[in-house]
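Undergrad: Before I ask anything, here is the structure I am working with.
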Amino acid sequence: MEGAIKTVVMQFLSTARGKESLNGKSFQKLVQGQLGNIMSDTDSSSSVKEMMKGLDDNKDGKVSFQEYMTLIGYLANSLSEQKTQTNAAGGQ
Ligand SMILES: [Ca+2]
């Protein structure tokens, strides 16, 4: 689990290349490169743009680390819901 947390942080930092936030291009690169299996629609740049708009709390057109955490939290939450449902349905 420590490794997973490190990965989440390092991926953000290396994609942001020393900046505090990801711009649209970097965000798309991160999502498409790292989250293509867990998320649908990552191949569509308009969907990624929409997603970015939803995350961009302070409306500066960039995704800060905190805003990126919202995405990670959302993904973790939906993954845990899927697992819970699968277990309830008999572990399929
Ligand atoms: Ca922002």
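By convention here, the chains of the structure tokens are called A, B, ... in the order presented, each chain's residues are numbered starting at 1, and ligands are numbered starting at 1 in the order presented.
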Could you pull out the residues sitting within 9 Å of ligand 1, using only C-alpha atoms and all ligand atoms, and write them as an MDAnalysis selection string?

TA: chainID A and resid 21:22 52:53 55:67

Undergrad: Show me, as a list in words, the residues that have an atom within 12 Å of Ala4 of chain A when counting only C-alpha atoms, minus same-chain residues fewer than 4 positions from it.

TA: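 Contacts, in chain order: Val8, Val9, Met10, Gln11, Ile72 and Ala76 of chain A.
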
Undergrad: Mind the document's chain letters and residue numbers, and return as an MDAnalysis selection string the residues of segment 43-78 of chain A that DSSP labels helix (DSSP H, G or I).

TA: chainID A and resid 45:55 65:78

Undergrad: Take the residues that were just selected and, keeping C-alpha atoms, output them as an mmCIF file, in the first residue's frame.

TA:
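Resulting contents of result_25.cif:
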data_model
loop_
_atom_site.group_PDB
_atom_site.id
_atom_site.type_symbol
_atom_site.label_atom_id
_atom_site.label_comp_id
_atom_site.auth_asym_id
_atom_site.auth_seq_id
_atom_site.Cartn_x
_atom_site.Cartn_y
_atom_site.Cartn_z
ATOM 1 C CA SER A 45 -9.936 14.050 -25.591
ATOM 2 C CA SER A 46 -13.318 15.757 -25.190
ATOM 3 C CA SER A 47 -14.276 13.366 -22.365
ATOM 4 C CA VAL A 48 -10.916 13.952 -20.701
ATOM 5 C CA LYS A 49 -11.508 17.696 -21.014
ATOM 6 C CA GLU A 50 -14.940 17.365 -19.434
ATOM 7 C CA MET A 51 -13.442 15.307 -16.615
ATOM 8 C CA MET A 52 -10.794 17.937 -16.075
ATOM 9 C CA LYS A 53 -13.438 20.666 -15.895
ATOM 10 C CA GLY A 54 -15.238 18.663 -13.236
ATOM 11 C CA LEU A 55 -12.066 18.331 -11.177
ATOM 12 C CA PHE A 65 -2.466 17.881 -6.637
ATOM 13 C CA GLN A 66 -5.515 18.378 -4.439
ATOM 14 C CA GLU A 67 -7.834 18.281 -7.444
ATOM 15 C CA TYR A 68 -6.067 15.174 -8.702
ATOM 16 C CA MET A 69 -6.708 13.586 -5.297
ATOM 17 C CA THR A 70 -10.424 14.089 -5.924
ATOM 18 C CA LEU A 71 -10.074 11.920 -9.015
ATOM 19 C CA ILE A 72 -8.074 9.250 -7.163
ATOM 20 C CA GLY A 73 -10.642 9.265 -4.347
ATOM 21 C CA TYR A 74 -13.459 8.927 -6.828
ATOM 22 C CA LEU A 75 -11.766 6.028 -8.603
ATOM 23 C CA ALA A 76 -10.943 4.264 -5.333
ATOM 24 C CA ASN A 77 -14.518 4.707 -4.219
ATOM 25 C CA SER A 78 -16.046 3.328 -7.396
#

Undergrad: Run DSSP on the backbone of this structure and report the residues of chain A it assigns to strand (DSSP E or B), as a list of chain:residue names.

TA: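 Going through chain A, the strand (DSSP E or B) residues come out as A:Ser21, A:Leu22, A:Val63, A:Ser64.
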
Undergrad: Atom CA of Gln28 of chain A to atom CA of Lys6 of chain A: how many Å, to one decimal?

TA: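 Atom CA of Lys6 of chain A lies at a distance of 20.4 Å from atom CA of Gln28 of chain A.
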
Undergrad: Using only C-alpha atoms, which protein or nucleic acid residues come within 9 Å of Ile38 of chain A? Drop anything in the same chain fewer than 3 positions from it, and give the result as a PyMOL selection string.

TA: chain A and resi 34-35+75+79

Undergrad: So how many Å separate atom CA of Ser26 of chain A and atom CA of Ser14 of chain A, to one decimal?

TA: 9.9 Å
